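Chemist: Sharing a structure with you now.
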Amino acid sequence: MLRECGEHGYFRGETCPICGEPGKFLLSEQELDQLGRTLAGVLRHFPERFGLDMDEQGFVSIRGFINALRDSNRRYHWLRPHHIVAIIETDPKGRYQISNDLMRATYGHSLELDLKLPTENIPDHLYYPATPEEADIILETGLRPSDRKMVHLSRTYQDALNAGKVRVEAPIILEIDSAAAIAAGNVISQAGKTVFLAQEIPPEFLSRKEEEEVL
């Protein structure tokens with residue numbers, strides 16, 4: 001559930017995590033899920049389905065998205081910009097960005113874009129989840145994009161483990177020596193709270209990470 005606290009802003013859940021007040025109702029769980037899926041699809045894969053103009057950095061108009069959604073589905077006649085802002089600001093993975101009256105996804109694209117994401121303060125080590133079948137191949141040949149335009153790396157072992165379990169029960173976690181990779185001329189950028197992007201990671205900067213004890 002998505003709600004708004006008059007003092008502490010938007011939050012997901014029944015009560016404000018700071019003051020415990022119930023706040024103002026904005027979206028039900030079902031509405032949040034449906035709008036979130038549509039938002040991700042439009043910003044990552046198919047803006048043209050809604051007749052939206054996307055710039056080279058992946059930004060589209062918030063109001064344009066709302067108008068297009070209303071036109072395609074009249075049951076969203078009540079939708080306003082603050083609903084979209086609330087979804088983006090409370091996204092637990094930090095997958096989106098707002099700039100004035102524009103918005104974009106910061107990773108996960110199947111579109112050719114020039115995102116111009118920050119490249120400062122990248123952790124010295126990042127992580128990638130591989131299936132047991134592909135781990136040895138990646139260690140030999142390096143990391144390259146498959147179904148996305150960029151390689152997606154995780155901030156921590158736990159983040160990579162969580163991401164990998166979407167595909168396989170027991171992923172193999174690979175560690176990236178990102179400091180050395182950057183020093184060698186590879187560009188790594190930060191796309192979300194826990195996600196980093198690279199065009200590729202050569203094999204000399206990859207190693208198999210020993211299993212860590214996680215909570």
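Letters A, B, ... go to the chains of the structure tokens in the order shown; residues in each chain start at 1; ligands are counted from 1 in the same order.
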To test your reading of the structure, identify every residue in region 21-211 of chain A that backbone DSSP assigns to strand (DSSP E), and report it as number ranges by chain.
Modeler: A: 24-27, 60-61, 96-99, 102-105, 125-130, 151-154, 172-177, 188-190, 195-198, 206-208
Chemist: Find the residues near Val166 (chain A): any atom within 12 Å, counting only C-alpha atoms, skip ones fewer than 5 places away on the same chain, and give them as a list in words.
Modeler: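 The contact residues come out as Pro129, Ala130, Thr131, Asp159, Ala160, Leu161 and Pro171 of chain A.
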Chemist: With C-alpha atoms retained, could you export that selection as a JSON list (two decimals), in the first residue's frame?
Modeler:
```
[["chain", "number", "residue", "atom", "x", "y", "z"],
["A", 129, "PRO", "CA", 25.25, -13.87, -9.77],
["A", 130, "ALA", "CA", 25.83, -16.63, -12.29],
["A", 131, "THR", "CA", 24.16, -19.98, -12.77],
["A", 159, "ASP", "CA", 22.48, -8.15, -3.19],
["A", 160, "ALA", "CA", 23.92, -10.44, -5.86],
["A", 161, "LEU", "CA", 22.58, -13.52, -4.08],
["A", 171, "PRO", "CA", 23.64, -18.99, -7.80]]
```
Chemist: Quick one: DSSP helix (DSSP H, G or I) residues in region 66-131 of chain A, as a list in words?
Modeler: Ile66, Asn67, Ala68, Leu69, Arg70, Asp71, Ser72, Arg74, Arg75, Tyr76, Pro81, His82, His83, Ile84, Val85, Ala86, Ile87, Ile88 and Glu89 of chain A
Chemist: Any chance you could export the current selection's C-alpha atoms as a short mmCIF file (atom, residue, chain, number, x, y, z; two decimals), in the first residue's frame?
Modeler:
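Output contents, as saved in selection.cif:
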```
data_model
loop_
_atom_site.label_atom_id
_atom_site.label_comp_id
_atom_site.auth_asym_id
_atom_site.auth_seq_id
_atom_site.Cartn_x
_atom_site.Cartn_y
_atom_site.Cartn_z
CA ILE A 66 -0.29 9.97 -17.16
CA ASN A 67 -2.27 11.34 -20.10
CA ALA A 68 -1.33 8.36 -22.26
CA LEU A 69 -2.30 5.92 -19.51
CA ARG A 70 -5.65 7.65 -19.01
CA ASP A 71 -6.32 7.54 -22.75
CA SER A 72 -5.54 3.82 -22.92
CA ARG A 74 -10.15 5.19 -18.48
CA ARG A 75 -10.19 3.59 -15.05
CA TYR A 76 -7.05 5.63 -14.36
CA PRO A 81 1.58 13.35 -11.02
CA HIS A 82 1.99 12.95 -7.25
CA HIS A 83 0.98 9.27 -7.55
CA ILE A 84 3.87 8.65 -9.97
CA VAL A 85 6.29 10.70 -7.87
CA ALA A 86 5.28 8.65 -4.81
CA ILE A 87 5.92 5.35 -6.63
CA ILE A 88 9.36 6.52 -7.74
CA GLU A 89 10.44 8.06 -4.42
#
```
Chemist: Considering only C-alpha atoms, return as a VMD selection string whatever protein or nucleic-acid residues lie within 9 Å of Asp124 (chain A), sequence-local ones (same chain, fewer than 4 positions apart) excluded.
Modeler: chain A and resid 176 to 180
Chemist: Write the residues of the selection above to a file with C-alpha atoms, as a PDB file, in the first residue's frame.
Modeler:
```pdb
ATOM      1  CA  ILE A 176      34.566  -8.077  -9.651  1.00  0.00           C
ATOM      2  CA  ASP A 177      37.760  -6.184  -8.852  1.00  0.00           C
ATOM      3  CA  SER A 178      36.105  -2.953  -9.914  1.00  0.00           C
ATOM      4  CA  ALA A 179      38.963  -0.740  -8.769  1.00  0.00           C
ATOM      5  CA  ALA A 180      41.383  -2.572 -11.053  1.00  0.00           C
TER       6      ALA A 180
END
```
Chemist: Measure the distance from CA of Ser154 (chain A) to CA of Gly41 (chain A) in Å and round it to one decimal.
Modeler: 21.6 Å
Chemist: For a quick check of understanding, using only C-alpha atoms, which of A:Arg148, A:Glu169, A:Ile98, A:Met1 has the smallest distance to Gln30 (chain A)?
Modeler: A:Met1
Chemist: Quick one: residues within 10 Å of Glu210 (chain A), only C-alpha atoms counted, chain neighbours fewer than 3 positions away excluded, as JSON, numbers by chain?
Modeler: {"A": [157, 172, 173, 174, 175, 207, 213]}
Chemist: For Asp33 (chain A), find every residue with an atom within 12 Å (counting only C-alpha atoms), except residues of its own chain fewer than 5 positions away, and show them as a PyMOL selection string.
Modeler: chain A and resi 1-2+12+27-28+38-40+87+91
Chemist: Which residue is closest to Leu113 (chain A)? Choose from A:Asp136, A:Asp55, A:Asp101, A:Asp147 and count only C-alpha atoms.
Modeler: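 With only C-alpha atoms as the atom set, the closest residue is A:Asp55.
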Chemist: Given only C-alpha atoms, how would the per-residue table for region 28-123 of chain A near region 187-191 of chain A read, listing every residue at most 12 Å away with its closest atom pair and distance in Å to one decimal, sorted by chain and number, as a tab-separated table?
Modeler:
```
residue	atom	partner	partner_atom	distance
A:Lys93	CA	A:Ala191	CA	9.9
A:Gly94	CA	A:Ala191	CA	8.2
A:Arg95	CA	A:Ala191	CA	7.3
A:Tyr96	CA	A:Ala191	CA	8.7
A:Gln97	CA	A:Ala191	CA	9.5
A:Arg104	CA	A:Ala191	CA	11.1
A:Ala105	CA	A:Ala191	CA	8.8
A:Thr106	CA	A:Ala191	CA	5.2
A:Tyr107	CA	A:Ala191	CA	5.9
A:Gly108	CA	A:Ala191	CA	9.4
A:His109	CA	A:Ala191	CA	11.4
A:Asp114	CA	A:Ser189	CA	11.8
A:Leu115	CA	A:Ala191	CA	9.1
A:Lys116	CA	A:Ser189	CA	8.4
A:Leu117	CA	A:Ser189	CA	5.8
A:Pro118	CA	A:Ser189	CA	5.5
A:Thr119	CA	A:Ser189	CA	4.4
A:Glu120	CA	A:Ser189	CA	7.5
A:Asn121	CA	A:Gln190	CA	8.8
A:Ile122	CA	A:Gln190	CA	7.2
A:Pro123	CA	A:Gln190	CA	9.8
```
